[in-house]
file upload.txt (compact mmCIF, C-alpha atoms and all ligand atoms)
# COMPACT_ATOMS: atom_id res chain seq x y z
CA MET A 137 -191.12 123.46 -13.35
CA ARG A 138 -188.26 121.22 -12.22
CA LEU A 139 -188.96 122.04 -8.58
CA ALA A 140 -192.60 121.19 -9.05
CA ALA A 141 -191.66 117.83 -10.58
CA ALA A 142 -189.28 117.12 -7.71
CA PHE A 143 -191.94 118.10 -5.19
CA GLY A 144 -194.32 115.69 -6.85
CA LYS A 145 -191.78 112.90 -6.39
CA ILE A 146 -191.21 113.79 -2.75
CA LYS A 147 -194.93 113.86 -2.09
CA GLU A 148 -195.34 110.37 -3.49
CA GLY A 149 -192.43 109.15 -1.40
CA TYR A 150 -190.87 108.10 -4.70
CA MET A 151 -187.55 109.78 -4.01
CA TYR A 152 -187.12 107.83 -0.81
CA MET A 153 -187.94 104.44 -2.19
CA THR A 154 -185.11 102.18 -3.18
CA ASN A 155 -185.45 102.09 -6.95
CA ILE A 156 -184.15 98.92 -8.50
CA ALA A 157 -183.86 97.36 -11.94
CA ILE A 158 -184.17 93.65 -12.62
CA LEU A 159 -181.99 92.26 -15.41
CA GLY A 160 -183.66 89.11 -16.75
CA PHE A 161 -187.32 88.44 -15.96
CA GLY A 162 -187.27 84.62 -15.90
CA VAL A 163 -187.81 82.25 -12.96
CA VAL A 164 -185.64 84.26 -10.55
CA GLY A 165 -186.23 87.77 -11.94
CA SER A 166 -190.00 87.46 -11.80
CA GLY A 167 -189.62 85.96 -8.30
CA ILE A 168 -187.88 89.17 -7.18
CA ALA A 169 -190.88 91.27 -8.20
CA ALA A 170 -193.21 88.80 -6.46
CA VAL A 171 -191.19 88.82 -3.22
CA ILE A 172 -191.14 92.63 -3.20
CA GLU A 173 -194.91 92.70 -3.62
CA LYS A 174 -195.82 89.87 -1.25
CA ASN A 175 -193.35 90.83 1.48
CA ALA A 176 -193.69 94.61 1.34
CA LEU A 177 -194.37 94.78 5.10
CA PRO A 178 -191.35 92.78 6.32
CA ILE A 179 -189.16 94.67 3.83
CA GLN A 180 -190.45 97.99 5.20
CA ARG A 181 -189.10 97.11 8.64
CA MET A 182 -185.65 97.55 7.08
CA LEU A 183 -186.45 100.04 4.30
CA PRO A 184 -189.47 102.07 5.52
CA ASP A 185 -190.10 103.56 2.07
CA GLY A 186 -189.97 100.20 0.35
CA ILE A 187 -188.52 98.98 -2.92
CA ASN A 188 -189.78 100.05 -6.33
CA VAL A 189 -189.07 98.01 -9.46
CA LYS A 190 -188.38 100.87 -11.86
CA TYR A 191 -187.07 98.84 -14.80
CA ILE A 192 -186.98 95.31 -16.13
CA LEU A 193 -184.39 94.55 -18.77
CA ASP A 194 -185.46 91.69 -21.00
CA LYS A 195 -185.70 90.85 -24.69
CA ARG A 196 -189.30 89.76 -24.20
CA ASP A 197 -192.45 91.75 -23.50
CA PHE A 198 -194.75 90.72 -20.67
CA PRO A 199 -198.22 91.77 -21.80
CA GLY A 200 -200.74 91.50 -18.99
CA SER A 201 -198.08 91.80 -16.27
CA PRO A 202 -198.60 94.78 -13.93
CA LEU A 203 -194.93 95.55 -14.62
CA ALA A 204 -195.26 95.46 -18.43
CA ASP A 205 -194.60 99.21 -18.67
CA ARG A 206 -191.23 98.86 -16.90
CA VAL A 207 -189.61 96.73 -19.61
CA VAL A 208 -186.64 98.28 -21.42
CA ARG A 209 -184.13 96.81 -23.87
CA ASP A 210 -181.18 99.11 -23.35
CA ILE A 211 -178.98 98.80 -20.24
CA SER A 212 -177.87 102.43 -20.59
CA VAL A 213 -181.41 103.57 -19.73
CA ILE A 214 -180.86 101.89 -16.33
CA THR A 215 -177.21 102.80 -15.74
CA GLY A 216 -177.97 106.40 -16.77
CA ASP A 217 -180.89 106.84 -14.37
CA PRO A 218 -179.71 108.47 -11.12
CA ASP A 219 -182.81 107.23 -9.29
CA VAL A 220 -181.74 103.59 -9.62
CA SER A 221 -179.46 102.57 -6.76
CA VAL A 222 -179.45 98.75 -6.92
CA ILE A 223 -179.54 96.40 -9.87
CA CYS A 224 -180.61 92.74 -9.56
CA GLU A 225 -178.79 90.63 -12.14
CA ALA A 226 -180.80 87.46 -12.76
CA MET A 227 -179.77 86.87 -16.37
CA GLY A 228 -177.41 83.96 -15.87
CA GLY A 229 -174.43 83.24 -18.13
CA VAL A 230 -171.25 85.27 -18.32
CA HIS A 231 -171.94 87.51 -21.31
CA PRO A 232 -173.45 90.07 -21.38
CA ALA A 233 -174.05 89.75 -17.62
CA PHE A 234 -170.38 90.66 -16.97
CA GLU A 235 -170.48 93.77 -19.16
CA PHE A 236 -173.83 94.92 -17.73
CA THR A 237 -172.65 94.36 -14.15
CA MET A 238 -169.40 96.23 -14.77
CA ALA A 239 -171.32 99.13 -16.38
CA ALA A 240 -173.69 99.26 -13.40
CA LEU A 241 -170.88 99.24 -10.81
CA ASN A 242 -168.97 101.91 -12.73
CA ALA A 243 -172.16 103.99 -12.81
CA GLY A 244 -172.17 103.88 -8.99
CA LYS A 245 -174.94 101.31 -8.60
CA SER A 246 -174.77 98.29 -6.31
CA VAL A 247 -175.41 94.95 -7.98
CA VAL A 248 -176.88 91.82 -6.40
CA THR A 249 -176.85 88.53 -8.27
CA SER A 250 -177.78 84.88 -8.29
CA ASN A 251 -175.36 84.23 -11.17
CA LYS A 252 -172.88 81.69 -9.84
CA GLU A 253 -171.15 81.28 -13.19
CA LEU A 254 -170.34 84.98 -13.27
CA VAL A 255 -169.26 85.17 -9.61
CA ALA A 256 -167.10 82.03 -9.96
CA SER A 257 -165.46 83.37 -13.13
CA PHE A 258 -165.11 87.11 -12.48
CA GLY A 259 -166.02 87.70 -8.82
CA ASP A 260 -162.56 89.13 -8.15
CA GLU A 261 -162.81 91.81 -10.86
CA LEU A 262 -166.41 92.70 -10.08
CA MET A 263 -165.72 92.98 -6.35
CA SER A 264 -162.76 95.22 -7.04
CA ALA A 265 -164.88 97.44 -9.34
CA ALA A 266 -167.53 97.67 -6.61
CA ASP A 267 -164.90 98.67 -4.07
CA LYS A 268 -163.42 101.30 -6.40
CA ASN A 269 -166.86 102.83 -6.93
CA GLY A 270 -167.91 102.68 -3.27
CA VAL A 271 -170.84 100.32 -3.96
CA LYS A 272 -171.65 96.67 -3.21
CA TYR A 273 -171.49 93.48 -5.26
CA LEU A 274 -173.50 90.90 -3.30
CA PHE A 275 -174.17 87.31 -4.28
CA GLU A 276 -175.87 85.45 -1.42
CA ALA A 277 -178.31 83.82 -3.86
CA SER A 278 -175.51 82.38 -5.99
CA VAL A 279 -174.93 79.47 -3.58
CA GLY A 280 -177.62 77.52 -1.75
CA GLY A 281 -180.59 79.51 -3.12
CA GLY A 282 -182.32 80.96 -0.07
CA ILE A 283 -179.81 79.64 2.50
CA PRO A 284 -177.89 82.50 4.16
CA GLU A 285 -174.49 80.81 4.36
CA ILE A 286 -172.39 83.47 2.62
CA ARG A 287 -173.55 86.33 4.81
CA SER A 288 -173.13 84.12 7.89
CA MET A 289 -169.55 83.31 6.88
CA ARG A 290 -168.87 87.04 6.49
CA THR A 291 -170.61 88.27 9.63
CA SER A 292 -171.35 85.79 12.44
CA LEU A 293 -168.33 83.58 11.57
CA ALA A 294 -166.03 86.49 10.70
CA SER A 295 -163.72 85.77 13.66
CA ASP A 296 -163.41 82.08 12.80
CA SER A 297 -161.49 80.12 10.15
CA ILE A 298 -163.36 77.83 7.80
CA LEU A 299 -161.28 74.66 7.64
CA LYS A 300 -163.57 72.45 5.59
CA ILE A 301 -166.83 72.60 3.64
CA ASP A 302 -168.84 69.65 2.37
CA GLY A 303 -172.17 70.33 0.78
CA ILE A 304 -175.07 69.26 -1.34
CA MET A 305 -175.21 72.42 -3.43
CA ASN A 306 -177.32 71.41 -6.40
CA GLY A 307 -181.04 71.09 -5.86
CA THR A 308 -181.76 69.50 -9.24
CA THR A 309 -179.45 66.52 -8.76
CA ASN A 310 -180.52 66.03 -5.16
CA TYR A 311 -184.11 66.03 -6.35
CA ILE A 312 -183.28 63.46 -9.07
CA LEU A 313 -181.33 61.19 -6.69
CA THR A 314 -184.15 61.35 -4.13
CA ARG A 315 -186.89 60.54 -6.67
CA MET A 316 -184.82 57.65 -8.04
CA LYS A 317 -184.10 56.27 -4.55
CA ASN A 318 -187.49 56.73 -2.89
CA ASP A 319 -189.95 56.41 -5.74
CA GLY A 320 -188.14 54.40 -8.41
CA VAL A 321 -188.60 57.28 -10.92
CA SER A 322 -186.25 57.13 -13.93
CA PHE A 323 -183.42 59.64 -14.27
CA ASP A 324 -185.00 61.32 -17.31
CA ALA A 325 -188.45 61.61 -15.70
CA ALA A 326 -186.99 63.02 -12.47
CA LEU A 327 -184.93 65.56 -14.45
CA ALA A 328 -188.03 66.64 -16.40
CA GLU A 329 -189.84 67.20 -13.07
CA ALA A 330 -186.94 69.28 -11.74
CA GLN A 331 -187.04 71.37 -14.92
CA SER A 332 -190.78 71.94 -14.69
CA LEU A 333 -190.37 73.04 -11.05
CA GLY A 334 -187.85 75.68 -12.15
CA TYR A 335 -184.88 74.09 -10.36
CA ALA A 336 -182.68 73.14 -13.30
CA GLU A 337 -180.30 75.35 -15.25
CA SER A 338 -181.39 76.29 -18.79
CA ASN A 339 -178.88 73.67 -19.91
CA PRO A 340 -179.28 70.96 -17.25
CA THR A 341 -175.97 69.31 -18.12
CA ALA A 342 -174.49 71.99 -15.83
CA ASP A 343 -176.52 70.44 -13.00
CA VAL A 344 -176.03 66.74 -13.67
CA ASP A 345 -172.35 66.98 -14.66
CA GLY A 346 -171.51 68.80 -11.44
CA ILE A 347 -170.57 72.13 -13.08
CA ASP A 348 -173.17 74.11 -11.12
CA ALA A 349 -171.91 72.62 -7.83
CA GLN A 350 -168.34 73.29 -8.97
CA ARG A 351 -169.10 77.01 -9.40
CA LYS A 352 -170.71 77.12 -5.97
CA ILE A 353 -167.82 75.47 -4.13
CA ILE A 354 -165.39 77.79 -5.95
CA ILE A 355 -167.41 80.71 -4.56
CA LEU A 356 -167.57 79.35 -0.99
CA ALA A 357 -163.84 78.54 -1.04
CA ALA A 358 -163.19 82.12 -2.18
CA VAL A 359 -165.38 83.48 0.63
CA ALA A 360 -163.29 81.36 3.04
CA THR A 361 -159.84 82.16 1.59
CA ASP A 362 -160.12 85.25 -0.67
CA ARG A 363 -158.68 83.06 -3.46
CA LEU A 364 -160.78 82.42 -6.56
CA ALA A 365 -159.83 79.03 -8.02
CA ALA A 366 -159.89 78.39 -11.76
CA ASP A 367 -162.59 75.91 -12.77
CA SER A 368 -159.92 73.82 -14.53
CA SER A 369 -158.27 73.18 -11.14
CA VAL A 370 -161.44 71.66 -9.62
CA TYR A 371 -161.93 67.94 -10.29
CA THR A 372 -165.60 67.53 -11.21
CA GLU A 373 -167.37 64.23 -11.84
CA THR A 374 -170.82 63.70 -13.34
CA MET A 375 -173.62 62.02 -11.36
CA THR A 376 -175.19 60.56 -14.50
CA LYS A 377 -173.34 57.27 -14.05
CA ILE A 378 -174.99 56.55 -10.70
CA SER A 379 -177.13 53.45 -11.18
CA ALA A 380 -179.90 51.72 -9.25
CA LEU A 381 -177.27 49.15 -8.15
CA ASP A 382 -175.20 51.95 -6.60
CA ALA A 383 -178.22 53.42 -4.78
CA ASP A 384 -179.15 49.96 -3.51
CA ALA A 385 -175.61 49.25 -2.29
CA ALA A 386 -175.53 52.58 -0.45
CA SER A 387 -178.81 51.74 1.34
CA ARG A 388 -177.48 48.30 2.30
CA CYS A 389 -174.55 49.97 4.08
CA GLY A 390 -176.69 52.65 5.76
CA MET A 391 -175.46 55.36 3.41
CA ALA A 392 -176.98 57.53 0.66
CA VAL A 393 -175.55 58.60 -2.69
CA LYS A 394 -175.21 62.39 -2.90
CA LEU A 395 -173.41 64.80 -5.21
CA ILE A 396 -171.00 66.49 -2.81
CA ALA A 397 -168.89 69.60 -3.36
CA SER A 398 -165.90 69.79 -1.04
CA TYR A 399 -163.31 72.32 0.09
CA ALA A 400 -160.57 71.81 2.67
CA ALA A 401 -157.76 74.08 3.83
CA LEU A 402 -154.42 72.27 3.58
CA ASP A 403 -151.18 73.90 4.81
CA GLY A 404 -151.69 77.15 2.91
CA LYS A 405 -153.27 75.38 -0.08
CA MET A 406 -156.68 73.94 -0.69
CA SER A 407 -158.37 70.79 -1.82
CA LEU A 408 -161.43 71.44 -4.02
CA PHE A 409 -163.56 68.92 -5.90
CA VAL A 410 -167.07 67.75 -6.77
CA CYS A 411 -168.12 64.10 -7.12
CA PRO A 412 -170.86 61.66 -6.17
CA ARG A 413 -170.21 60.16 -2.71
CA PHE A 414 -171.57 57.40 -0.53
CA VAL A 415 -172.44 59.52 2.52
CA LYS A 416 -172.51 57.67 5.84
CA GLY A 417 -175.79 57.73 7.77
CA SER A 418 -173.99 59.41 10.70
CA ASN A 419 -173.37 62.45 8.48
CA MET A 420 -176.38 64.81 8.37
CA LEU A 421 -175.84 65.37 4.65
CA SER A 422 -177.00 61.80 3.95
CA HIS A 423 -180.50 62.74 5.17
CA ILE A 424 -180.97 65.82 3.00
CA ASP A 425 -183.44 65.02 0.24
CA ASP A 426 -185.48 66.58 -2.58
CA VAL A 427 -184.49 70.07 -3.70
CA PHE A 428 -182.96 70.84 -0.32
CA ASN A 429 -179.29 71.76 -0.01
CA GLY A 430 -177.09 71.17 3.01
CA ILE A 431 -173.81 72.91 3.64
CA MET A 432 -171.59 71.69 6.47
CA LEU A 433 -168.80 74.04 7.55
CA SER A 434 -166.06 72.84 9.87
CA THR A 435 -164.58 75.85 11.60
CA GLU A 436 -161.57 76.23 13.85
CA MET A 437 -163.36 77.76 16.84
CA THR A 438 -167.01 76.79 16.54
CA GLY A 439 -166.58 73.28 15.15
CA ASP A 440 -169.30 72.06 12.80
CA VAL A 441 -171.94 74.50 11.57
CA MET A 442 -174.71 73.21 9.31
CA PHE A 443 -176.91 75.15 6.88
CA TYR A 444 -180.01 73.57 5.42
CA GLY A 445 -182.74 74.90 3.15
CA ARG A 446 -184.14 75.25 -0.33
CA GLY A 447 -181.24 75.46 -2.74
CA ALA A 448 -183.20 76.30 -5.88
CA GLY A 449 -186.50 77.69 -7.04
CA SER A 450 -187.94 81.09 -7.76
CA TYR A 451 -188.97 82.38 -4.33
CA PRO A 452 -186.05 81.13 -2.17
CA THR A 453 -183.48 82.48 -4.65
CA ALA A 454 -185.38 85.74 -5.17
CA ALA A 455 -185.81 86.23 -1.41
CA ALA A 456 -182.02 85.98 -0.97
CA MET A 457 -181.56 88.58 -3.71
CA VAL A 458 -184.07 90.96 -2.16
CA SER A 459 -182.27 90.60 1.19
CA ASP A 460 -179.10 91.60 -0.66
CA VAL A 461 -180.96 94.61 -2.08
CA VAL A 462 -181.81 95.61 1.49
CA ALA A 463 -178.18 95.09 2.59
CA ALA A 464 -176.91 97.19 -0.35
CA ALA A 465 -179.46 99.95 0.26
CA LYS A 466 -178.65 100.06 3.99
CA ASN A 467 -174.92 99.82 3.21
CA SER A 468 -174.75 97.21 5.97
CA ALA A 469 -171.43 96.13 7.42
CA GLU A 470 -169.95 92.82 6.36
CA LEU A 471 -166.45 91.45 6.37
CA PRO A 472 -164.96 93.07 3.26
CA MET A 473 -163.77 90.61 0.63
CA LYS A 474 -160.91 91.20 -1.75
CA TRP A 475 -160.56 88.14 -3.91
CA LYS A 476 -157.50 87.35 -5.98
CA LYS A 477 -157.17 84.63 -8.57
CA ALA A 478 -155.67 81.55 -6.92
CA GLU A 479 -152.09 81.07 -8.04
CA ASP A 480 -151.06 77.88 -9.88
CA GLY A 481 -150.71 74.99 -7.46
CA PHE A 482 -152.97 76.60 -4.81
CA VAL A 483 -155.51 73.82 -5.43
CA ILE A 484 -153.74 70.51 -4.83
CA PRO A 485 -154.01 67.83 -7.56
CA PHE A 486 -157.10 65.71 -6.99
CA GLU A 487 -154.98 62.53 -7.08
CA GLU A 488 -153.30 63.62 -3.81
CA ASN A 489 -156.58 63.33 -1.84
CA SER A 490 -157.30 60.13 0.09
CA PHE A 491 -160.65 58.37 0.30
CA SER A 492 -162.32 55.22 1.39
CA TYR A 493 -164.13 53.75 -1.67
CA TYR A 494 -167.15 51.66 -2.50
CA ILE A 495 -166.10 49.26 -5.29
CA ARG A 496 -168.32 46.89 -7.23
CA ILE A 497 -166.47 44.25 -9.18
CA LYS A 498 -167.85 41.73 -11.64
CA ALA A 499 -166.98 38.44 -9.98
CA ASP A 500 -168.06 34.81 -9.90
CA SER A 501 -166.61 34.29 -6.46
CA PRO A 502 -166.83 37.18 -3.94
CA ALA A 503 -164.59 35.25 -1.54
CA VAL A 504 -161.76 34.80 -4.05
CA THR A 505 -162.21 38.40 -5.27
CA GLY A 506 -162.10 39.64 -1.69
CA GLU A 507 -158.67 38.06 -1.17
CA SER A 508 -157.24 39.79 -4.24
CA VAL A 509 -158.86 43.13 -3.33
CA ARG A 510 -157.35 42.97 0.16
CA LEU A 511 -153.92 42.33 -1.33
CA VAL A 512 -154.19 45.62 -3.24
CA VAL A 513 -156.04 48.01 -0.92
CA GLY A 514 -155.66 46.46 2.53
CA ASP A 515 -158.39 45.42 4.90
CA ALA A 516 -161.50 46.00 2.75
CA GLU A 517 -164.94 45.24 4.17
CA THR A 518 -167.06 42.87 2.02
CA LEU A 519 -170.69 43.92 1.61
CA ALA A 520 -173.42 41.38 2.29
CA SER A 521 -176.32 40.60 -0.08
CA SER A 522 -174.51 41.70 -3.25
CA PRO A 523 -176.37 41.18 -6.53
CA VAL A 524 -175.56 37.86 -8.24
CA GLY A 525 -172.36 38.09 -10.30
CA TYR A 526 -170.86 40.92 -8.26
CA ALA A 527 -168.62 41.41 -5.25
CA GLU A 528 -168.75 44.73 -3.36
CA PHE A 529 -166.33 46.26 -0.91
CA ILE A 530 -165.71 49.34 1.18
CA THR A 531 -161.97 49.98 1.20
CA PRO A 532 -159.88 51.62 3.88
CA LYS A 533 -158.60 55.13 3.08
CA ILE A 534 -156.08 55.17 0.27
CA LYS A 535 -154.72 57.86 -2.03
CA GLU A 536 -156.71 58.54 -5.16
CA LYS A 537 -153.63 58.07 -7.30
CA ASP A 538 -153.01 54.60 -5.82
CA MET A 539 -156.63 53.60 -6.39
CA ARG A 540 -156.48 54.82 -9.99
CA ALA A 541 -153.28 52.86 -10.57
CA ALA A 542 -154.90 49.72 -9.14
CA VAL A 543 -158.00 50.09 -11.32
CA SER A 544 -156.21 50.95 -14.55
CA GLY A 545 -153.54 48.28 -13.92
CA GLY A 546 -156.29 45.65 -13.73
CA SER A 547 -155.25 44.36 -10.32
CA LEU A 548 -158.83 44.71 -9.01
CA GLY A 549 -160.42 42.86 -11.91
CA GLU A 550 -163.40 44.28 -13.76
CA VAL A 551 -164.44 47.31 -11.67
CA GLU A 552 -167.95 48.41 -12.60
CA SER A 553 -168.42 51.13 -9.98
CA LEU A 554 -166.05 53.17 -7.86
CA ILE A 555 -167.58 55.79 -5.54
CA ARG A 556 -165.79 57.72 -2.82
CA VAL A 557 -167.18 57.56 0.71
CA LEU A 558 -167.84 60.61 2.90
CA ASP A 559 -167.64 59.92 6.64
N1 LIG B 601 -179.86 74.62 -11.00
C1 LIG B 601 -179.53 75.03 -9.68
C2 LIG B 601 -179.85 73.89 -8.72
C3 LIG B 601 -180.30 76.26 -9.34
O1 LIG B 601 -180.54 72.96 -9.12
O2 LIG B 601 -179.39 73.92 -7.59
C4 LIG B 601 -179.85 76.95 -8.09
O3 LIG B 601 -178.54 77.42 -8.20
call {"tool": "encode", "arguments": {"input": "upload.txt", "output": "C-alpha cells"}}
result
Amino acid sequence: MRLAAAFGKIKEGYMYMTNIAILGFGVVGSGIAAVIEKNALPIQRMLPDGINVKYILDKRDFPGSPLADRVVRDISVITGDPDVSVICEAMGGVHPAFEFTMAALNAGKSVVTSNKELVASFGDELMSAADKNGVKYLFEASVGGGIPEIRSMRTSLASDSILKIDGIMNGTTNYILTRMKNDGVSFDAALAEAQSLGYAESNPTADVDGIDAQRKIIILAAVATDRLAADSSVYTETMTKISALDADAASRCGMAVKLIASYAALDGKMSLFVCPRFVKGSNMLSHIDDVFNGIMLSTEMTGDVMFYGRGAGSYPTAAAMVSDVVAAAKNSAELPMKWKKAEDGFVIPFEENSFSYYIRIKADSPAVTGESVRLVVGDAETLASSPVGYAEFITPKIKEKDMRAAVSGGSLGEVESLIRVLD
C-alpha cells in the first residue's frame, strides 16, 4: 500500500518537485505563487521538476483562489511534513515570524524571507540555527526588493571589501518625494498612492520615519562586516519634515532631496545612519525616482558599483524570494555569513560624522546673515533666488556636533531647515 502510494508520487513527478510553504499570503506571499506560476519555464531551467506550493499559512481563507485548498493554520503541519524543503516567510513583523522561522530551521527546512525587521533584529541567531541544521536562511528580498545586491556582495564581490554604502532603500518615500517634486502632489495623497500600489509597510510610519531604511542598512552593513548593529545605535531621521521650500532649494542648487541610508567602514568601526539628504546632481542617486531604489557600494578593489531597480512591490520582491528558493533547493555556493551582534561602540556616535549642510534661516537681510553664518561655519556659499524672508546657505564640511552646538546655541539665528548634503 505504502509502496503504491510512493509510486504514485514518483509517477506524478511530485517527489522531485521542490515543495514549499508560504507563510503569509498578502502582497508578497501571493506574489510568490504568481511568480512560480507565470515563470514556471525559467524556473525549470534551474529546477527541472519545478516548485510546488504545498501549503499556505494564513489566518484568512482565500475562496476562489486555485490555492484555496493549500491553506493551513498550524505551522506544525508544515514543519512536520518531510516533503517540504523550503519555507517562504512573508509574514512581516518579528513575532511569530521568529518562532516559525526557528521551528522551520530546526526541522531541517531552509527559509527564505523578505522580512527585514526580523533579519535586522535576529539575523545572527537565525543564520546560526540554519548553519547548525545544515540548511539555508536567505534574505535577498529583505533589501532593495528585486535588486540582487546581497547575493552580489556574497558572490561576485566576495574577494573585495565594501568600504561604503549609500542608498535609497525605501520605495515608498522615494515615490512620495518624486510625486511631490515632479507633480506637486501632497504628502498625504502621495502616501495613499504608495499604499494602494502595495509599496508601503502595513504601518507606513516605518517607511516615512526611516525605520524601514534603517533595518535595510543594518542588514547590508552586516553583510559587509558580519556585525549586526543594534537599531538604537543607528541615527535615524524622519523625512516627514521635508517641505516644498526644501525641494525647491535642492532644485535651485542642482540637487534632489532623497532619504539616504549610509554605512562606512572606519578604522575597525562603522558609521551607520539614515536621514534625508540634498544629493548632488553628479551623484547617480539624485536621479533615482519613483519606487526605484539605488544602492551605491564603494569597494576597495572595484571602486564604485551601483545597483538600481524596483525596491518594493509584489512581483519584484516575490521574484527575489523565488530566486532564493532556487538557491536553497540547489544548495548553491555563497560566501558563508556568520553574524555576531556588534559590540558597544562599534557604531560611532552620529555626532562624530562630518557633513556639508543646507541651512535655511529666517532673515530680513541675507547679506548680514551671511556674514554671521560665515563666522560660525566658515566659507558658506549663499544660495541665489531664496524665498522672501529667508537666507539659504551650503556650508563647508563640519562635524555634526559642532553644527548642533551652533544651532542650539542660537549663533546661526532662527534655523528653519538643516539638511545634510551628499556629494
Ligand atoms: N515598504 C518598503 C518600501 C517595502 O517602500 O521600500 C519594501 O521593503
call {"tool": "closest_atom_pairs", "arguments": {"input": "upload.txt", "of": "chain A", "to": "ligand LIG 601 (chain B)", "cutoff": "7 Å", "atoms": "all atoms listed in the file", "output": "CSV"}}
result
residue,atom,partner,partner_atom,distance
A:Ser278,CA,B:LIG601,O3,6.2
A:Val279,CA,B:LIG601,O3,6.2
A:Gly280,CA,B:LIG601,O3,6.5
A:Gly281,CA,B:LIG601,C4,5.6
A:Met305,CA,B:LIG601,O2,6.1
A:Asn306,CA,B:LIG601,O2,3.5
A:Gly307,CA,B:LIG601,O2,3.7
A:Thr308,CA,B:LIG601,O1,3.7
A:Thr309,CA,B:LIG601,O1,6.5
A:Tyr335,CA,B:LIG601,O1,4.7
A:Ala336,CA,B:LIG601,N1,3.9
A:Glu337,CA,B:LIG601,N1,4.3
A:Asp343,CA,B:LIG601,N1,5.7
A:Asp348,CA,B:LIG601,C1,6.6
A:Gly447,CA,B:LIG601,O2,5.4
A:Ala448,CA,B:LIG601,C4,4.1
A:Gly449,CA,B:LIG601,C3,6.8
call {"tool": "write_last_selection", "arguments": {"input": "upload.txt", "atoms": "C-alpha atoms", "output": "PDB file, keeping the file's coordinate frame"}}
result
ATOM      1  CA  SER A 278    -175.510  82.380  -5.990  1.00  0.00           C
ATOM      2  CA  VAL A 279    -174.930  79.470  -3.580  1.00  0.00           C
ATOM      3  CA  GLY A 280    -177.620  77.520  -1.750  1.00  0.00           C
ATOM      4  CA  GLY A 281    -180.590  79.510  -3.120  1.00  0.00           C
ATOM      5  CA  MET A 305    -175.210  72.420  -3.430  1.00  0.00           C
ATOM      6  CA  ASN A 306    -177.320  71.410  -6.400  1.00  0.00           C
ATOM      7  CA  GLY A 307    -181.040  71.090  -5.860  1.00  0.00           C
ATOM      8  CA  THR A 308    -181.760  69.500  -9.240  1.00  0.00           C
ATOM      9  CA  THR A 309    -179.450  66.520  -8.760  1.00  0.00           C
ATOM     10  CA  TYR A 335    -184.880  74.090 -10.360  1.00  0.00           C
ATOM     11  CA  ALA A 336    -182.680  73.140 -13.300  1.00  0.00           C
ATOM     12  CA  GLU A 337    -180.300  75.350 -15.250  1.00  0.00           C
ATOM     13  CA  ASP A 343    -176.520  70.440 -13.000  1.00  0.00           C
ATOM     14  CA  ASP A 348    -173.170  74.110 -11.120  1.00  0.00           C
ATOM     15  CA  GLY A 447    -181.240  75.460  -2.740  1.00  0.00           C
ATOM     16  CA  ALA A 448    -183.200  76.300  -5.880  1.00  0.00           C
ATOM     17  CA  GLY A 449    -186.500  77.690  -7.040  1.00  0.00           C
TER      18      GLY A 449
END
call {"tool": "closest_atom_pairs", "arguments": {"input": "upload.txt", "of": "range 339-376 of chain A", "to": "range 263-275 of chain A", "cutoff": "12 Å", "atoms": "only C-alpha atoms", "output": "CSV"}}
result
residue,atom,partner,partner_atom,distance
A:Lys352,CA,A:Phe275,CA,10.9
A:Ile355,CA,A:Phe275,CA,9.5
A:Leu356,CA,A:Phe275,CA,10.9
A:Ala358,CA,A:Met263,CA,11.9
A:Val359,CA,A:Phe275,CA,10.8
A:Asp362,CA,A:Met263,CA,11.1
A:Leu364,CA,A:Met263,CA,11.7
call {"tool": "closest_residue", "arguments": {"input": "upload.txt", "among": "A:Asp426, A:Glu470, A:Asp219, A:Asp185", "to": "Ile156 in chain A", "atoms": "only C-alpha atoms"}}
result
A:Asp219
call {"tool": "residues_around", "arguments": {"input": "upload.txt", "residues": "Arg196 in chain A", "least_positions_apart": "3", "cutoff": "10 Å", "atoms": "all atoms listed in the file", "output": "number ranges by chain"}}
result
A: 160-162, 193, 199, 207-209
call {"tool": "atom_distance", "arguments": {"input": "upload.txt", "atom1": "CA of Pro502 in chain A", "atom2": "CA of Leu558 in chain A"}}
result
24.4 Å
call {"tool": "closest_residue", "arguments": {"input": "upload.txt", "among": "A:Ala277, A:Ile484, A:Val513, A:Ala204", "to": "Val461 in chain A", "atoms": "all atoms listed in the file"}}
result
A:Ala277
